[in-house]
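Undergrad: Input: one structure, supplied below.
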Number of protein chains: 2
Amino acid sequence: MNVRFPIGDFSRMTHLSVKALRHYHDVGLLDPVEIDPTSGYRFYEASQVPVAQVIRRFRDLGMPLEEVKAVLLAPDVASRNAVIVAHLQRMESQLEDTQSTVVSLRTLLERPPAPIAVEYRSVPITPAVAITEEVDVEDIDEWWAYAFAELYAQLHSAGVAPSGPSGALYASELFEDERGEVVAFIPVKDGVSVSGRVSAFEVPAAELAVALHRGPFGQIDQTYGALGTYVVERELGVEGPIREHYLVGPADTDDESEHRTEVGWPVFQTTPAAPPAACAERRPRRWVRLVAGFAEAQHVHPVAVELESLGVGQPVELLGDGALEGG
Amino acid sequence: MNVRFPIGDFSRMTHLSVKALRHYHDVGLLDPVEIDPTSGYRFYEASQVPVAQVIRRFRDLGMPLEEVKAVLLAPDVASRNAVIVAHLQRMESQLEDTQSTVVSLRTLLERPPAPIAVEYRSVPITPAVAITEEVDVEDIDEWWAYAFAELYAQLHSAGVAPSGPSGALYASELFEDERGEVVAFIPVKDGVSVSGRVSAFEVPAAELAVALHRGPFGQIDQTYGALGTYVVERELGVEGPIREHYLVGPADTDDESEHRTEVGWPVFQTTPAAPPAACAERRPRRWVRLVAGFAEAQHVHPVAVELESLGVGQPVELLGDGALEGG
DNA sequence: CTTGACTCTCCCCTCGCGGGAGGGACAAGA
DNA sequence: TCTTGTCCCTCCCGCGAGGGGAGAGTCAAG
């Protein structure tokens, strides 16, 4: 008969706490070899130490008990490795998230709260070619890329040059209901023969409050946020879809910091001399929702300034190069 | 009066869930500017969006709410930065732990379960110089380094050469009570005039079961574990302190993989021809405890083999170079 | 036989919310 | 004005992986 250890000794052997061992017993991860029927005492064997060691390492890596169990019960090496690799990959991607969060936190704390410049502008009705579709917000990016690829392809094959920067209209439903109509358009002087999803379109005239976004398109939420804040503070109404104008984009330069995008907020009629006043009548609940969808990623007064040197280091690999493909 | 947003709109503005916002209110992290006394409705202002953003980033970094609160309420930039830096440092050290755990896990899963070779040996009484002291287990490493430094210094100044490899005795109390007597010794042929902590010592004769550890001293727990397992399986008794002999150490070569350490387990008298049998009489409860203190870090059968390519990548810095000292 | 160390079960606590029940509040449409 | 649907409220339970402690039984050494 092999030597039996009570839980306290086994705890010292494995560096697992007594509480943890009892818990592992409860969930069936590591059962004692014997339980005294009268006293209820748990007894473990020396041969269980290695198993406990493995459990401890995986727990140190934050692997959930269920998954550790899967590793221990895996019928073959391949399926076991699959579980381990999946966990390590989760850890790596989590680490990436952490690093990008540190970056964005630094941006948030460092950047001076540059006041946004908002310009009022009357835009006339504009002929264009366009793709119009109802889209889920989550699909926007992909839709956007394909739509403009298609538009430019048709203009190119028709031998027609744009008469101005391309742009898009975003229906307010998009921000209220997570789904709404989007129009991707490219202005053209003359009629163009179009086919497929592409159609002739007249971009409607509007009075716009316009903010210019300088830098990567991926950070445009900052400008949206700033404009949203601006609009909220002045309690401006909104009429019609939000616009974007792509003044300088990836087609023009690879330097993302050179990119320029205008965000246009359609306000009520006004003269350039007299900017629009608050318009309580035309400010229904829907309006608040709309702004709510925008007003984010502003710069931070209350905790700002001087946290200058938060940095991030190298990317990390927990998985080595030839990771387990052949397992 | 500024525009007020109900919790749902504010949730959309900040990407914080309604539940989270209510929780932050409960714990006093982010209070609404107004609470309708009759309906209990919470109302937030646009100016609170940036604060919420900051909260969200820190939460994404896993900072506890209490600490986020400390950041927001910090009276000056320096104390605020202190909190942030402390958190990022915790994250970095946690990451280091993760990486070393991956390494040790790989060792555990990869290394073939090499059976340990145990040799029985009779060692005679040996004159030596030694430092004897009662030590806490946690202080062992430091104590050990200083003790041998002192021993070698005195031998050197006395112009005496060791007559054999240095070694140490570890009383079993050390493993049972976390504290016990340790003797660091260096064998010498003749009497040496000694001073301070160092004294003349006779290393007692003993029957030893000896295991040889090859490699870094930091991994000696593996050999201890293997020897402990060996002893447990054969139910060998123990008499007297455990020994270590430092055959090849840092003084001899910088290549840690070349280091050699013997671990000696004192058994009862036996002839080399007839290895000691189990000795139930002399195997009190204390004995089990002693083995329990050793038997760890064995190699792993149940989940072993072929997980060959788990690797670790670069170290990570979340804190940049000139981190915030001047903050 | 006593004493002290050890073990058992059972219950509540953590942290940062998520899920849901049950019920009031509010804006839009009929 | 009523309904309808959507919001919002509070209150309670749950997770994961145990930690802390109460109250009671067990075990081995002196």
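We name chains A, B, ... following the order of the structure tokens; residues begin at 1 in each chain, and ligands are numbered from 1 as shown.
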Which of region 145-264 of chain A counts as strand (DSSP E or B) under DSSP, as a ChimeraX atom specification please?
TA: /A:166-170,179-187,199-203,206-214,242-248,260-264
Undergrad: Using N, CA and C atoms, can you write the selected residues to a file as a short mmCIF file (atom, residue, chain, number, x, y, z; two decimals), in the first residue's frame?
TA:
data_model
loop_
_atom_site.label_atom_id
_atom_site.label_comp_id
_atom_site.auth_asym_id
_atom_site.auth_seq_id
_atom_site.Cartn_x
_atom_site.Cartn_y
_atom_site.Cartn_z
N SER A 166 -14.70 62.97 -52.25
CA SER A 166 -15.78 62.03 -51.98
C SER A 166 -16.33 62.25 -50.57
N GLY A 167 -17.46 61.64 -50.31
CA GLY A 167 -18.08 61.85 -49.00
C GLY A 167 -19.12 60.78 -48.73
N ALA A 168 -19.77 60.91 -47.58
CA ALA A 168 -20.82 59.95 -47.23
C ALA A 168 -21.87 60.63 -46.36
N LEU A 169 -23.08 60.12 -46.44
CA LEU A 169 -24.17 60.58 -45.58
C LEU A 169 -24.57 59.44 -44.65
N TYR A 170 -24.73 59.77 -43.39
CA TYR A 170 -25.10 58.76 -42.40
C TYR A 170 -26.43 59.16 -41.76
N ARG A 179 -28.66 50.85 -36.88
CA ARG A 179 -28.85 50.45 -38.27
C ARG A 179 -29.53 51.58 -39.00
N GLY A 180 -29.05 51.87 -40.21
CA GLY A 180 -29.68 52.95 -40.96
C GLY A 180 -29.05 53.10 -42.33
N GLU A 181 -29.58 54.08 -43.07
CA GLU A 181 -29.16 54.24 -44.45
C GLU A 181 -27.85 55.00 -44.53
N VAL A 182 -26.98 54.51 -45.37
CA VAL A 182 -25.70 55.17 -45.60
C VAL A 182 -25.56 55.40 -47.10
N VAL A 183 -25.07 56.59 -47.45
CA VAL A 183 -24.81 56.91 -48.85
C VAL A 183 -23.34 57.23 -49.01
N ALA A 184 -22.65 56.44 -49.81
CA ALA A 184 -21.26 56.76 -50.16
C ALA A 184 -21.30 57.42 -51.53
N PHE A 185 -20.72 58.61 -51.64
CA PHE A 185 -20.85 59.30 -52.93
C PHE A 185 -19.52 59.92 -53.38
N ILE A 186 -19.43 60.10 -54.72
CA ILE A 186 -18.33 60.85 -55.32
C ILE A 186 -18.94 61.87 -56.27
N PRO A 187 -18.66 63.16 -56.04
CA PRO A 187 -19.24 64.19 -56.90
C PRO A 187 -18.71 64.07 -58.33
N SER A 199 -25.53 54.30 -58.47
CA SER A 199 -26.58 55.05 -59.14
C SER A 199 -26.24 56.53 -59.13
N ALA A 200 -26.90 57.26 -60.03
CA ALA A 200 -26.75 58.72 -60.00
C ALA A 200 -27.45 59.24 -58.76
N PHE A 201 -26.93 60.33 -58.21
CA PHE A 201 -27.45 60.80 -56.92
C PHE A 201 -27.23 62.30 -56.84
N GLU A 202 -28.15 62.99 -56.16
CA GLU A 202 -27.95 64.41 -55.92
C GLU A 202 -27.77 64.61 -54.43
N VAL A 203 -26.57 64.97 -54.05
CA VAL A 203 -26.33 65.24 -52.63
C VAL A 203 -27.09 66.51 -52.28
N ALA A 206 -27.38 71.78 -47.83
CA ALA A 206 -27.55 71.77 -46.37
C ALA A 206 -26.77 72.92 -45.75
N GLU A 207 -27.19 73.26 -44.55
CA GLU A 207 -26.40 74.14 -43.69
C GLU A 207 -25.62 73.23 -42.75
N LEU A 208 -24.30 73.32 -42.79
CA LEU A 208 -23.51 72.39 -41.99
C LEU A 208 -22.65 73.11 -40.96
N ALA A 209 -22.58 72.52 -39.78
CA ALA A 209 -21.51 72.88 -38.84
C ALA A 209 -20.42 71.85 -39.07
N VAL A 210 -19.24 72.33 -39.46
CA VAL A 210 -18.20 71.44 -39.95
C VAL A 210 -16.99 71.45 -39.02
N ALA A 211 -16.51 70.27 -38.68
CA ALA A 211 -15.25 70.14 -37.93
C ALA A 211 -14.27 69.34 -38.77
N LEU A 212 -13.01 69.74 -38.73
CA LEU A 212 -12.00 69.08 -39.54
C LEU A 212 -11.21 68.10 -38.67
N HIS A 213 -11.15 66.85 -39.13
CA HIS A 213 -10.35 65.86 -38.42
C HIS A 213 -9.01 65.70 -39.11
N ARG A 214 -7.96 65.91 -38.36
CA ARG A 214 -6.61 65.74 -38.90
C ARG A 214 -6.02 64.46 -38.31
N ILE A 242 -25.89 63.02 -41.04
CA ILE A 242 -24.53 63.51 -40.79
C ILE A 242 -23.69 63.24 -42.03
N ARG A 243 -22.72 64.14 -42.29
CA ARG A 243 -21.88 63.97 -43.48
C ARG A 243 -20.42 63.81 -43.11
N GLU A 244 -19.73 63.12 -43.97
CA GLU A 244 -18.27 63.13 -43.92
C GLU A 244 -17.76 63.48 -45.30
N HIS A 245 -16.69 64.30 -45.34
CA HIS A 245 -16.01 64.59 -46.61
C HIS A 245 -14.57 64.13 -46.47
N TYR A 246 -14.15 63.31 -47.42
CA TYR A 246 -12.81 62.72 -47.33
C TYR A 246 -11.84 63.55 -48.15
N LEU A 247 -11.32 64.61 -47.54
CA LEU A 247 -10.47 65.57 -48.26
C LEU A 247 -9.14 64.93 -48.66
N VAL A 248 -8.46 64.33 -47.70
CA VAL A 248 -7.21 63.62 -47.98
C VAL A 248 -7.32 62.23 -47.37
N ARG A 260 -7.13 64.02 -43.93
CA ARG A 260 -8.06 65.07 -43.50
C ARG A 260 -9.48 64.63 -43.79
N THR A 261 -10.31 64.67 -42.80
CA THR A 261 -11.71 64.31 -42.97
C THR A 261 -12.57 65.40 -42.32
N GLU A 262 -13.58 65.85 -43.08
CA GLU A 262 -14.52 66.80 -42.48
C GLU A 262 -15.74 66.07 -41.97
N VAL A 263 -16.18 66.46 -40.79
CA VAL A 263 -17.43 65.94 -40.26
C VAL A 263 -18.44 67.07 -40.28
N GLY A 264 -19.56 66.84 -40.93
CA GLY A 264 -20.56 67.90 -41.08
C GLY A 264 -21.84 67.57 -40.35
#
Undergrad: Do you have, as a Markdown table, the list of residues of chain C lying at most 12 Å from chain B, each with its nearest atom pair and that distance in Å to one decimal, counting only C-alpha atoms (C1' of nucleotides) and ordered by chain then number?
TA:
| residue | atom | partner | partner_atom | distance |
| --- | --- | --- | --- | --- |
| C:DC15 | C1' | B:Pro64 | CA | 8.3 |
| C:DG16 | C1' | B:Ala20 | CA | 8.0 |
| C:DC17 | C1' | B:Ala20 | CA | 6.3 |
| C:DG18 | C1' | B:Lys19 | CA | 7.8 |
| C:DG19 | C1' | B:Lys19 | CA | 10.5 |
| C:DG23 | C1' | B:Ser39 | CA | 11.9 |
| C:DG24 | C1' | B:Ser39 | CA | 7.5 |
| C:DA25 | C1' | B:Ser39 | CA | 6.8 |
| C:DC26 | C1' | B:Ser39 | CA | 10.5 |
Undergrad: Once you count only C-alpha atoms (C1' of nucleotides), which residues of chain D turn out to be within 8 Å of chain A? Could you give them as a list in words?
TA: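 Here they are: DA17, DG18, DG19, DG25 and DT26 of chain D.
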Undergrad: One number please: CA of His259 (chain B) to CA of Glu233 (chain B), in Å, one decimal.
TA: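 Straight-line distance from CA of His259 (chain B) to CA of Glu233 (chain B) works out to 27.7 Å.
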Undergrad: If you run DSSP on this backbone, which residues of region 17-259 of chain B come out as alpha helix (DSSP H), and could you give them as a PyMOL selection string?
TA: chain B and resi 18-26+49-60+65-73+77-110+140-158+173-176+220-234
Undergrad: With distances taken over only C-alpha atoms, which of B:Glu142, B:Asp36, B:Glu96, B:Asp26 is nearest to chain A?
TA: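 The answer is B:Glu96, which sits nearest to chain A.
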Undergrad: Go through B:Ala70, B:Leu95, B:Val129, B:Met13 one by one, measure the shortest atom-to-atom distance of each to chain A using only C-alpha atoms, and give the residue with the smallest value.
TA: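 Closest to chain A of all the choices is B:Met13.
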Undergrad: Kindly indicate which residue among A:Gln219, A:Ser104, A:Thr253, A:Gln89 lies nearest to chain B, using only C-alpha atoms for the distances.
TA: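 Closest residue, counting only C-alpha atoms: A:Ser104.
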Undergrad: Mind pulling up the distance from CA of Glu134 (chain A) to CA of Val160 (chain A)?
TA: 26.9 Å
Undergrad: Mind giving me the straight-line distance from CA of Val27 (chain A) to CA of Ile55 (chain A) in Å, one decimal?
TA: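 About the pair CA of Val27 (chain A) and CA of Ile55 (chain A): they are 13.2 Å apart.
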Undergrad: Which one of B:Tyr120, B:Thr98, B:Pro266, B:Tyr230 sits closest to Met63 (chain A) if you count only C-alpha atoms?
TA: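 Ranked by minimum distance to Met63 (chain A), first place goes to B:Thr98.
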Undergrad: Using only C-alpha atoms for the distances, tell me which of B:Arg121, B:Arg106, B:Arg57, B:His87 is nearest to chain A.
TA: B:Arg57
Undergrad: Quick one: residues within 12 Å of DA21 (chain C), only C-alpha atoms (C1' of nucleotides), excluding same-chain residues fewer than 6 positions away - as an MDAnalysis selection string?
TA: chainID D and resid 10:13
Undergrad: Between A:Arg42, A:Ala117, A:Ala251, A:Val192, which one has atoms that come closest to Val18 (chain A), using only C-alpha atoms?
TA: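 The shortest atom-to-atom distance to Val18 (chain A) comes from A:Arg42.
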Undergrad: As a count of residues only, please: the residues near Gln154 (chain A) (cut-off 9 Å, only C-alpha atoms (C1' of nucleotides), same-chain neighbours under 6 positions excluded).
TA: 5
